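**Student:** Structure supplied as upload-v8.cif; contents: mmCIF, C-alpha atoms.
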data_coords
#
loop_
_atom_site.label_atom_id
_atom_site.label_comp_id
_atom_site.auth_asym_id
_atom_site.auth_seq_id
_atom_site.Cartn_x
_atom_site.Cartn_y
_atom_site.Cartn_z
CA MET A 1 16.87 19.28 -14.76
CA ALA A 2 16.33 20.71 -11.31
CA MET A 3 14.39 18.40 -9.06
CA LYS A 4 11.46 19.80 -7.19
CA SER A 5 11.81 19.97 -3.46
CA ALA A 6 10.30 16.87 -1.92
CA GLU A 7 8.96 19.09 0.86
CA SER A 8 6.43 20.81 -1.35
CA ILE A 9 5.88 18.29 -4.05
CA PHE A 10 2.55 16.75 -3.02
CA SER A 11 -0.56 18.73 -3.88
CA ASP A 12 -3.99 17.81 -2.54
CA ALA A 13 -4.64 16.07 -5.86
CA HIS A 14 -1.60 13.82 -5.42
CA LEU A 15 -2.63 13.02 -1.88
CA ASP A 16 -6.05 12.04 -3.23
CA VAL A 17 -4.41 9.52 -5.55
CA LEU A 18 -2.26 8.19 -2.73
CA LYS A 19 -5.38 7.97 -0.62
CA GLU A 20 -6.99 5.94 -3.38
CA ILE A 21 -4.03 3.55 -3.28
CA GLY A 22 -4.52 3.38 0.45
CA SER A 23 -8.22 2.66 0.14
CA MET A 24 -7.69 -0.09 -2.41
CA GLY A 25 -4.98 -1.53 -0.21
CA THR A 26 -7.25 -1.35 2.81
CA ALA A 27 -9.99 -3.28 1.02
CA HIS A 28 -7.51 -5.99 0.00
CA ALA A 29 -6.06 -6.09 3.50
CA ALA A 30 -9.48 -6.43 5.15
CA THR A 31 -10.38 -9.37 2.91
CA ALA A 32 -7.05 -11.10 3.48
CA LEU A 33 -7.14 -10.55 7.23
CA SER A 34 -10.76 -11.67 7.42
CA LYS A 35 -9.86 -14.97 5.74
CA MET A 36 -6.89 -15.49 8.01
CA VAL A 37 -8.74 -14.99 11.31
CA ASN A 38 -12.07 -16.26 9.95
CA LYS A 39 -13.86 -13.28 11.43
CA LYS A 40 -15.54 -10.14 10.13
CA VAL A 41 -12.97 -7.39 9.64
CA THR A 42 -13.90 -3.79 8.86
CA MET A 43 -11.50 -1.07 7.76
CA PRO A 44 -12.89 2.31 6.74
CA PRO A 45 -10.93 4.27 4.09
CA PRO A 46 -7.70 5.58 5.59
CA ASN A 47 -6.41 9.10 6.06
CA VAL A 48 -3.30 9.71 4.04
CA SER A 49 -0.99 12.58 4.84
CA TRP A 50 2.48 13.88 4.17
CA LEU A 51 3.86 14.67 7.59
CA GLU A 52 6.91 15.82 9.53
CA PHE A 53 8.53 12.97 11.47
CA GLN A 54 7.71 14.65 14.74
CA ASP A 55 4.02 14.92 13.82
CA VAL A 56 3.96 11.21 12.99
CA ALA A 57 5.42 10.45 16.45
CA ASN A 58 2.73 12.62 18.04
CA LEU A 59 -0.02 10.84 16.09
CA VAL A 60 1.13 7.46 17.37
CA GLY A 61 1.14 8.45 21.03
CA GLY A 62 4.32 10.49 21.44
CA ALA A 63 8.07 10.01 21.11
CA GLU A 64 8.44 7.47 23.92
CA ASN A 65 5.18 5.56 23.44
CA VAL A 66 6.02 1.89 22.96
CA LEU A 67 4.78 0.42 19.66
CA ALA A 68 4.97 -2.86 17.80
CA ALA A 69 6.25 -2.30 14.27
CA ILE A 70 6.32 -4.69 11.34
CA PHE A 71 8.89 -3.75 8.75
CA VAL A 72 9.53 -4.88 5.17
CA SER A 73 12.21 -3.55 2.87
CA LEU A 74 11.21 -3.12 -0.77
CA SER A 75 13.11 -4.07 -3.89
CA GLY A 76 12.14 -4.21 -7.54
CA ASN A 77 11.06 -1.05 -9.42
CA ILE A 78 10.04 0.60 -6.18
CA GLN A 79 12.65 0.44 -3.46
CA GLY A 80 12.56 1.62 0.10
CA MET A 81 10.63 0.40 3.11
CA MET A 82 7.18 0.14 4.56
CA MET A 83 6.08 -0.36 8.15
CA GLN A 84 2.90 -1.09 10.02
CA LEU A 85 2.69 0.48 13.48
CA MET A 86 0.44 -0.95 16.19
CA THR A 87 -0.02 -0.28 19.85
CA VAL A 88 1.37 -3.04 22.05
CA GLU A 89 -2.20 -3.82 23.18
CA ALA A 90 -3.36 -4.15 19.56
CA ALA A 91 -0.46 -6.48 18.80
CA HIS A 92 -1.43 -8.69 21.75
CA ASN A 93 -5.07 -8.65 20.54
CA VAL A 94 -4.02 -9.80 17.08
CA ALA A 95 -1.92 -12.62 18.52
CA GLU A 96 -4.74 -13.71 20.80
CA LEU A 97 -7.25 -13.63 17.95
CA VAL A 98 -5.16 -15.99 15.86
CA THR A 99 -3.75 -18.30 18.54
CA GLY A 100 -6.74 -18.19 20.89
CA MET A 101 -4.31 -17.87 23.79
CA LYS A 102 -3.90 -15.02 26.26
CA PRO A 103 -0.35 -14.03 27.27
CA PRO A 104 0.59 -15.03 30.85
CA SER A 105 -0.58 -12.27 33.21
CA ASP A 106 2.78 -12.08 35.03
CA ARG A 107 4.68 -11.31 31.84
CA ASP A 108 5.83 -7.80 30.84
CA ILE A 109 3.43 -6.31 28.27
CA TYR A 110 6.38 -5.42 25.99
CA VAL A 111 7.41 -9.06 25.65
CA PHE A 112 6.11 -11.26 22.83
CA ASP A 113 7.02 -14.94 22.61
CA GLU A 114 8.15 -16.66 19.44
CA MET A 115 4.66 -17.83 18.46
CA GLU A 116 3.10 -14.39 19.04
CA THR A 117 5.90 -12.65 17.15
CA SER A 118 5.47 -14.99 14.22
CA VAL A 119 1.68 -14.44 14.13
CA ILE A 120 1.96 -10.65 14.34
CA GLN A 121 4.65 -10.60 11.65
CA GLU A 122 2.44 -12.68 9.39
CA VAL A 123 -0.63 -10.48 9.92
CA GLY A 124 1.54 -7.39 9.32
CA ASN A 125 2.96 -9.02 6.22
CA ILE A 126 -0.52 -9.64 4.80
CA MET A 127 -1.58 -6.04 5.43
CA LEU A 128 1.62 -4.56 4.01
CA SER A 129 1.50 -6.82 0.95
CA SER A 130 -2.09 -5.74 0.28
CA TYR A 131 -1.06 -2.10 0.20
CA LEU A 132 1.96 -2.85 -1.92
CA THR A 133 -0.11 -4.82 -4.44
CA SER A 134 -2.30 -1.73 -4.93
CA LEU A 135 0.69 0.53 -5.24
CA ALA A 136 2.37 -1.80 -7.75
CA GLY A 137 -0.79 -1.94 -9.86
CA LEU A 138 -1.32 1.79 -9.91
CA THR A 139 2.27 2.64 -10.72
CA ASN A 140 2.72 -0.30 -13.09
CA SER A 141 5.69 -1.43 -11.04
CA GLN A 142 7.07 -4.60 -9.66
CA ILE A 143 7.52 -4.43 -5.89
CA LYS A 144 9.20 -7.24 -3.98
CA PRO A 145 8.84 -6.98 -0.21
CA SER A 146 11.34 -8.75 2.07
CA ILE A 147 10.17 -11.12 4.79
CA PRO A 148 8.64 -9.15 7.70
CA TYR A 149 10.62 -8.13 10.78
CA MET A 150 9.13 -7.05 14.08
CA CYS A 151 10.39 -4.58 16.65
CA VAL A 152 8.81 -3.43 19.92
CA ASP A 153 10.25 -0.13 21.11
CA MET A 154 9.73 3.62 21.52
CA ALA A 155 7.93 5.37 18.62
CA ASN A 156 10.86 7.70 17.92
CA SER A 157 13.35 4.83 17.81
CA ILE A 158 11.20 2.93 15.33
CA LEU A 159 10.50 6.03 13.24
CA SER A 160 14.22 6.81 13.08
CA VAL A 161 14.54 3.97 10.56
CA PRO A 162 12.28 5.51 7.86
CA ALA A 163 13.24 9.02 8.96
CA ILE A 164 16.87 8.31 8.18
CA GLU A 165 16.07 6.58 4.90
CA PHE A 166 13.90 9.48 3.75
CA GLY A 167 16.00 12.11 5.54
CA ARG A 168 18.39 12.00 2.62
CA MET A 169 15.82 14.02 0.67
CA ALA A 170 13.15 15.41 2.99
CA ASP A 171 11.98 15.62 6.58
CA LYS A 172 8.55 14.22 5.90
CA MET A 173 7.00 10.81 5.31
CA LEU A 174 3.81 9.37 3.87
CA PHE A 175 1.58 8.38 6.75
CA ILE A 176 -1.46 6.16 6.20
CA GLU A 177 -3.77 6.13 9.17
CA SER A 178 -6.47 3.47 9.34
CA GLN A 179 -8.75 1.99 11.96
CA ILE A 180 -9.17 -1.76 11.82
CA GLU A 181 -12.01 -3.47 13.64
CA ILE A 182 -12.25 -7.21 14.12
CA GLU A 183 -15.58 -8.25 15.64
CA GLY A 184 -15.79 -5.22 17.84
CA ILE A 185 -12.11 -5.14 18.86
CA GLU A 186 -10.68 -1.97 17.42
CA PHE A 187 -7.03 -1.45 16.79
CA SER A 188 -5.23 1.24 14.89
CA GLY A 189 -3.31 0.14 11.84
CA ASN A 190 -0.98 2.90 10.86
CA PHE A 191 1.39 2.59 7.96
CA VAL A 192 4.48 4.47 6.94
CA LEU A 193 5.66 4.26 3.34
CA VAL A 194 9.18 5.38 2.56
CA PRO A 195 10.32 4.99 -1.05
CA ASN A 196 13.91 5.86 -1.90
CA LEU A 197 14.61 8.92 -4.03
CA HIS A 198 14.50 7.16 -7.40
CA SER A 199 11.29 5.28 -6.52
CA PHE A 200 9.74 8.41 -5.09
CA TYR A 201 9.99 10.09 -8.49
CA ARG A 202 8.73 6.95 -10.22
CA ILE A 203 5.60 7.05 -8.04
CA LEU A 204 5.12 10.77 -8.70
CA ARG A 205 5.51 10.27 -12.45
CA SER A 206 2.89 7.56 -12.47
CA LEU A 207 0.58 9.91 -10.55
CA GLY A 208 0.98 12.37 -13.41
CA VAL A 209 3.38 14.77 -11.71
CA GLU A 210 5.75 16.42 -14.19
CA MET B 1 10.12 14.80 33.72
CA ALA B 2 11.82 17.64 35.61
CA GLY B 3 10.65 21.20 34.95
CA ASN B 4 14.02 22.37 33.70
CA MET B 5 14.27 19.60 31.08
CA ILE B 6 15.00 20.92 27.56
CA VAL B 7 13.94 18.54 24.78
CA VAL B 8 16.21 18.16 21.76
CA GLY B 9 14.22 16.86 18.76
CA MET B 10 15.34 14.61 15.92
CA ALA B 11 17.92 16.42 13.76
CA ASP B 12 18.19 19.14 16.40
CA LEU B 13 20.81 20.44 18.84
CA LYS B 14 20.76 22.57 21.98
CA ALA B 15 23.14 23.88 24.63
CA CYS B 16 22.41 25.05 28.18
CA LYS B 17 24.05 26.23 31.39
CA SER B 18 23.78 24.66 34.84
CA PRO B 19 21.27 23.72 36.27
CA GLY B 20 19.60 22.93 32.92
CA VAL B 21 19.02 19.37 31.75
CA LEU B 22 19.00 18.33 28.10
CA THR B 23 17.15 15.26 26.85
CA THR B 24 16.43 13.56 23.55
CA LEU B 25 13.72 10.90 23.32
CA GLY B 26 13.88 7.50 21.66
CA LEU B 27 17.17 7.48 19.79
CA GLY B 28 17.00 4.56 17.37
CA SER B 29 19.61 4.44 14.62
CA CYS B 30 20.30 8.12 15.31
CA ILE B 31 23.11 9.18 17.66
CA GLY B 32 22.86 11.40 20.73
CA ILE B 33 26.09 13.39 21.05
CA ALA B 34 26.56 14.83 24.55
CA ILE B 35 29.35 17.35 25.05
CA TYR B 36 30.17 18.82 28.47
CA ASP B 37 32.49 21.53 29.80
CA LYS B 38 32.78 20.85 33.54
CA ILE B 39 34.62 24.11 34.26
CA ALA B 40 31.94 26.36 32.71
CA LYS B 41 29.20 23.83 33.57
CA VAL B 42 27.82 24.10 30.05
CA ALA B 43 26.16 21.11 28.36
CA GLY B 44 25.33 20.48 24.72
CA LEU B 45 23.30 17.71 23.12
CA ALA B 46 22.81 16.91 19.42
CA HIS B 47 20.50 14.27 17.88
CA ILE B 48 22.01 13.44 14.49
CA MET B 49 20.43 11.22 11.82
CA LEU B 50 23.07 10.77 9.14
CA PRO B 51 26.85 10.45 9.02
CA ASP B 52 27.94 12.93 6.40
CA SER B 53 26.51 16.25 5.16
CA LYS B 54 28.69 16.19 2.07
CA ALA B 55 27.05 13.03 0.68
CA ILE B 56 23.56 14.57 0.59
CA HIS B 57 21.80 17.36 -1.33
CA ASN B 58 19.19 18.08 1.33
CA ASN B 59 21.79 19.27 3.84
CA THR B 60 20.73 22.70 5.09
CA ASN B 61 19.94 21.46 8.60
CA LYS B 62 23.36 21.26 10.27
CA ALA B 63 21.98 19.30 13.23
CA LYS B 64 21.08 16.38 10.99
CA PHE B 65 24.65 15.26 10.26
CA ALA B 66 27.47 14.08 12.51
CA ASP B 67 30.12 16.27 10.89
CA THR B 68 28.23 19.58 10.86
CA ALA B 69 26.28 19.06 14.12
CA ILE B 70 29.42 18.77 16.25
CA VAL B 71 30.91 21.98 14.85
CA GLU B 72 27.62 23.80 15.42
CA LEU B 73 27.17 22.36 18.93
CA ILE B 74 30.65 23.53 19.95
CA ARG B 75 29.77 27.02 18.67
CA GLU B 76 26.51 27.10 20.65
CA MET B 77 28.33 25.99 23.81
CA GLU B 78 31.04 28.62 23.33
CA LYS B 79 28.30 31.28 23.20
CA LEU B 80 27.38 30.19 26.73
CA GLY B 81 30.97 30.52 27.96
CA ALA B 82 32.28 27.00 27.36
CA LYS B 83 35.84 26.49 26.11
CA LYS B 84 36.65 23.88 23.51
CA ILE B 85 39.74 22.75 25.40
CA ASN B 86 37.56 21.72 28.37
CA MET B 87 34.94 19.87 26.34
CA LYS B 88 34.49 16.10 26.65
CA ALA B 89 31.98 13.91 24.83
CA LYS B 90 29.81 10.83 25.41
CA ILE B 91 27.64 9.23 22.75
CA ALA B 92 24.69 6.80 22.64
CA GLY B 93 22.36 5.35 19.99
CA GLY B 94 23.15 3.90 16.58
CA ALA B 95 20.97 0.84 17.09
CA GLN B 96 19.80 -1.51 14.37
CA MET B 97 16.12 -1.58 15.23
CA PHE B 98 15.08 -4.45 12.97
CA ALA B 99 17.13 -7.61 13.34
CA PHE B 100 17.51 -8.51 9.69
CA ASN B 101 20.67 -9.45 7.95
CA ALA B 102 21.38 -6.05 6.47
CA THR B 103 23.18 -6.42 3.20
CA ASN B 104 21.99 -3.00 2.06
CA GLU B 105 24.45 -0.62 3.67
CA ASN B 106 21.80 2.10 3.98
CA LEU B 107 20.09 -0.14 6.50
CA ARG B 108 23.26 -0.37 8.60
CA VAL B 109 23.14 3.36 9.15
CA GLY B 110 23.36 3.02 12.96
CA ASP B 111 26.90 1.66 12.75
CA ARG B 112 27.87 4.21 10.15
CA ASN B 113 26.47 7.03 12.29
CA ALA B 114 28.53 5.84 15.26
CA GLU B 115 31.73 5.62 13.22
CA ALA B 116 31.18 9.04 11.63
CA THR B 117 30.45 10.62 15.01
CA LYS B 118 33.66 9.26 16.53
CA LYS B 119 35.64 10.50 13.56
CA ALA B 120 34.05 13.96 13.65
CA LEU B 121 34.73 14.32 17.40
CA GLN B 122 38.33 13.35 16.79
CA SER B 123 38.79 15.89 14.02
CA CYS B 124 37.37 18.59 16.31
CA GLY B 125 39.77 17.49 19.06
CA ILE B 126 37.02 16.56 21.56
CA PRO B 127 37.91 13.46 23.64
CA LEU B 128 35.29 10.69 23.72
CA LEU B 129 34.94 9.51 27.34
CA ALA B 130 32.33 6.81 26.83
CA SER B 131 29.99 5.40 24.23
CA GLU B 132 27.11 2.96 24.11
CA THR B 133 26.16 2.35 20.50
CA GLY B 134 24.70 -0.50 18.47
CA ALA B 135 22.46 -3.38 19.65
CA ASN B 136 18.78 -3.44 18.70
CA PHE B 137 16.94 -1.19 21.16
CA GLY B 138 15.98 2.48 21.42
CA ARG B 139 17.48 4.85 23.97
CA THR B 140 16.34 8.06 25.67
CA VAL B 141 19.25 10.10 27.04
CA GLU B 142 19.59 12.95 29.58
CA LEU B 143 22.55 15.25 30.13
CA TYR B 144 22.78 17.30 33.37
CA ALA B 145 24.62 20.61 32.97
CA GLU B 146 25.30 20.87 36.72
CA THR B 147 27.28 17.63 36.99
CA GLY B 148 27.79 16.32 33.46
CA LYS B 149 25.86 13.17 34.41
CA PHE B 150 24.71 11.33 31.26
CA LEU B 151 21.81 8.88 31.67
CA ILE B 152 20.45 6.26 29.28
CA LYS B 153 16.94 4.79 29.51
CA ALA B 154 15.74 1.82 27.46
CA ILE B 155 12.48 -0.14 27.47
CA GLY B 156 12.59 -2.97 29.99
CA GLN B 157 16.12 -2.02 31.12
CA GLY B 158 15.59 0.85 33.57
CA ILE B 159 18.02 3.77 33.82
CA ARG B 160 21.81 3.62 33.78
CA GLU B 161 24.62 6.15 33.84
CA LEU B 162 27.20 6.13 31.08
#
Rewrite the coordinates I just gave you, this time as structure tokens.

**Tutor:**
Amino acid sequence: MAMKSAESIFSDAHLDVLKEIGSMGTAHAATALSKMVNKKVTMPPPNVSWLEFQDVANLVGGAENVLAAIFVSLSGNIQGMMMQLMTVEAAHNVAELVTGMKPPSDRDIYVFDEMETSVIQEVGNIMLSSYLTSLAGLTNSQIKPSIPYMCVDMANSILSVPAIEFGRMADKMLFIESQIEIEGIEFSGNFVLVPNLHSFYRILRSLGVE
Amino acid sequence: MAGNMIVVGMADLKACKSPGVLTTLGLGSCIGIAIYDKIAKVAGLAHIMLPDSKAIHNNTNKAKFADTAIVELIREMEKLGAKKINMKAKIAGGAQMFAFNATNENLRVGDRNAEATKKALQSCGIPLLASETGANFGRTVELYAETGKFLIKAIGQGIREL
């Protein structure tokens, strides 16, 4: 059987279903995050799109814009990786919200100490797990995320990781764009989902794609 | 950024004559392959993502793979008057961006990209003058066609010449 090109495989209807997964995930994530920081968290339904790598880089501030990324690799029925991308400022805001401490003013903005890294990883982990729980439910799959890893670097360097993983089959990735607001402090929570080839078709099948 | 800077995207390659400057932004696990002919003053830069075109079905973009990108880059440089015998290479990139203990070999793709690039240069007979690959940070590179100068920039590390 000839496989459809992954470039053209998503119709608007499929994106709607993926958006639904995103919305459900967002609702779970907002609840979980709200409990963790004990503050009101709002997340409107996300935009979900199937984009060229370069367009993703442009949406997150350009190729050399420095981002904080939280990464989990996925095993189980759906394998691959998922990442949350935040601006460096947003990552500092999250850390401050949880620890109640501001970073020293003489420190480079790109530097996060051990405590801050751990907090940001944990918040990222909660958000990613919320999305993955929705995805697992909808596709009737078991998804086991790894522990979270954090990286602070240029957008293109970070995006090279999913780009390479998915580059084996296509030059696009699933980009979930959401705005998170915690008591008036807004930060963008963007997610990149990159299933491997086998898992990609599993997701499509469960979305009703022949 | 200088006005004569030509940007090479991900899975892309370009060649230019002096005084052009080639750059590629934020190499992570990808490799930037810089080839220079100092006699013709012709520069070429490729930004490859994967080691081997033969292992993949989706392989129409030659610039995506170490093996095919180098052959194509040499061809583009020859069109501008460069000679293969005068070409020398420098490479950068191949980082492991997330510091986990990668047991899955797909996640060690930075190392594999670096190895494949070195092998492909060797089989094309292009000497490798210098390389800076691996570690866990992204790199932007610039290649100056006038002098062959090859610069690496990384966050929090400033600019250095390779």

**Student:** Measure the distance from atom CA of B:Asn4 to atom CA of B:Ile35 in Å and round it to one decimal.

**Tutor:**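 Straight-line distance from atom CA of B:Asn4 to atom CA of B:Ile35 works out to 18.3 Å.
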
**Student:** Env of B:Thr117: 9 Å cut, atoms = all atoms listed in the file, seq-sep filter 3 positions within chain, self excluded. Answer as a PyMOL selection string.

**Tutor:** chain B and resi 31+33+48+51+65-67+70+91+112-114+120-122

**Student:** Using all atoms listed in the file and a cut-off of 6 Å, which residues of chain A sit close to chain B? Please list them as a list of chain:residue names.

**Tutor:**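 Result: A:Glu64, A:Cys151, A:Met154, A:Asn156, A:Ser157, A:Ser160, A:Ile164, A:Met169.
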
**Student:** Let me have the centre and edge lengths in Å, one decimal, of the box along x, y and z around every listed atom of stretch 31-43 of chain B with 3 Å of margin on each side, as lines of an AutoDock Vina configuration file.

**Tutor:**
center_x = 28.7
center_y = 17.8
center_z = 26.0
size_x = 17.8
size_y = 23.2
size_z = 22.6

**Student:** Name the closest residue to A:Val17 among the candidates A:Leu138, A:Val192, A:Ile180, A:Met81; distances are taken between atoms, counting only C-alpha atoms.

**Tutor:** A:Leu138

**Student:** Please evaluate the PyMOL selection byres ((chain A and resi 57) around 12) against the structure above and give the resulting residues as an MDAnalysis selection string.

**Tutor:** (chainID A and resid 51:56 58:67 85 154:160 163 172:173 175 190 192) or (chainID B and resid 9:10 25:26)

**Student:** Pull out every residue that the PyMOL selection byres ((chain A and resi 71) around 8) matches in the shown coordinates and put them as a VMD selection string.

**Tutor:** (chain A and resid 69 to 70 72 to 73 81 to 84 148 to 150) or (chain B and resid 98)

**Student:** Write the residues of the preceding selection, restricted to C-alpha atoms, as a CSV table (one decimal), in the coordinates of the input.

**Tutor:**
chain,number,residue,atom,x,y,z
A,69,ALA,CA,6.2,-2.3,14.3
A,70,ILE,CA,6.3,-4.7,11.3
A,72,VAL,CA,9.5,-4.9,5.2
A,73,SER,CA,12.2,-3.6,2.9
A,81,MET,CA,10.6,0.4,3.1
A,82,MET,CA,7.2,0.1,4.6
A,83,MET,CA,6.1,-0.4,8.2
A,84,GLN,CA,2.9,-1.1,10.0
A,148,PRO,CA,8.6,-9.2,7.7
A,149,TYR,CA,10.6,-8.1,10.8
A,150,MET,CA,9.1,-7.0,14.1
B,98,PHE,CA,15.1,-4.4,13.0

**Student:** Could you please determine the separation between atom CA of A:Gly22 and atom CA of A:Ile176 in Å, to one decimal place?

**Tutor:**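 Going from atom CA of A:Gly22 over to atom CA of A:Ile176, I get 7.1 Å.
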
**Student:** Apply the PyMOL selection byres ((chain A and resi 195) around 9) to the displayed file and report the matching residues as an mmCIF file with C-alpha atoms, in the frame of the given file.

**Tutor:**
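Once everything was written out, this is selection_11.cif:
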data_model
loop_
_atom_site.group_PDB
_atom_site.id
_atom_site.type_symbol
_atom_site.label_atom_id
_atom_site.label_comp_id
_atom_site.auth_asym_id
_atom_site.auth_seq_id
_atom_site.Cartn_x
_atom_site.Cartn_y
_atom_site.Cartn_z
ATOM 1 C CA LEU A 74 11.210 -3.120 -0.770
ATOM 2 C CA ILE A 78 10.040 0.600 -6.180
ATOM 3 C CA GLN A 79 12.650 0.440 -3.460
ATOM 4 C CA GLY A 80 12.560 1.620 0.100
ATOM 5 C CA MET A 81 10.630 0.400 3.110
ATOM 6 C CA MET A 82 7.180 0.140 4.560
ATOM 7 C CA GLU A 165 16.070 6.580 4.900
ATOM 8 C CA PHE A 166 13.900 9.480 3.750
ATOM 9 C CA LEU A 193 5.660 4.260 3.340
ATOM 10 C CA VAL A 194 9.180 5.380 2.560
ATOM 11 C CA ASN A 196 13.910 5.860 -1.900
ATOM 12 C CA LEU A 197 14.610 8.920 -4.030
ATOM 13 C CA HIS A 198 14.500 7.160 -7.400
ATOM 14 C CA SER A 199 11.290 5.280 -6.520
ATOM 15 C CA PHE A 200 9.740 8.410 -5.090
ATOM 16 C CA ILE A 203 5.600 7.050 -8.040
#

**Student:** Neighbours of B:Val8 within 7 Å (all atoms listed in the file; same-chain residues fewer than 6 positions away dropped), as number ranges by chain?

**Tutor:** B: 14, 22-24, 47

**Student:** What is the atom CA of B:Val7-atom CA of B:Ala40 distance in Å, reported with one decimal?

**Tutor:**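 Computing the Euclidean distance for atom CA of B:Val7 and atom CA of B:Ala40 yields 21.2 Å.
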
**Student:** Nearest to A:Val152: which of A:Ile185, A:Met101, A:Met115, A:Val88 is it, counting all atoms listed in the file?

**Tutor:** A:Val88

**Student:** For a cutoff of 9 Å around the file-coordinate point (22.9, 11.1, 35.4), which residues qualify once you count all atoms listed in the file? I'd like the result as number ranges by chain.

**Tutor:** B: 142-144, 147-152, 159-162

**Student:** Selection from above, C-alpha atoms, as an mmCIF file, in the frame of the given file, can you write it?

**Tutor:**
data_model
loop_
_atom_site.group_PDB
_atom_site.id
_atom_site.type_symbol
_atom_site.label_atom_id
_atom_site.label_comp_id
_atom_site.auth_asym_id
_atom_site.auth_seq_id
_atom_site.Cartn_x
_atom_site.Cartn_y
_atom_site.Cartn_z
ATOM 1 C CA GLU B 142 19.590 12.950 29.580
ATOM 2 C CA LEU B 143 22.550 15.250 30.130
ATOM 3 C CA TYR B 144 22.780 17.300 33.370
ATOM 4 C CA THR B 147 27.280 17.630 36.990
ATOM 5 C CA GLY B 148 27.790 16.320 33.460
ATOM 6 C CA LYS B 149 25.860 13.170 34.410
ATOM 7 C CA PHE B 150 24.710 11.330 31.260
ATOM 8 C CA LEU B 151 21.810 8.880 31.670
ATOM 9 C CA ILE B 152 20.450 6.260 29.280
ATOM 10 C CA ILE B 159 18.020 3.770 33.820
ATOM 11 C CA ARG B 160 21.810 3.620 33.780
ATOM 12 C CA GLU B 161 24.620 6.150 33.840
ATOM 13 C CA LEU B 162 27.200 6.130 31.080
#

**Student:** With distances taken over all atoms listed in the file, which residue among B:Ala145, B:Glu115, B:Ile126, B:Glu78 lies nearest B:Leu45?

**Tutor:**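 Result for the nearest residue to B:Leu45: B:Ala145.
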
**Student:** Neighbouring residues of B:Lys38 were defined as those with any atom within 10 Å, considering all atoms listed in the file; residues of the same chain fewer than 3 positions away were excluded. Please report them as a ChimeraX atom specification.

**Tutor:** /B:18,35,41-43,82-83,86-88,145-148
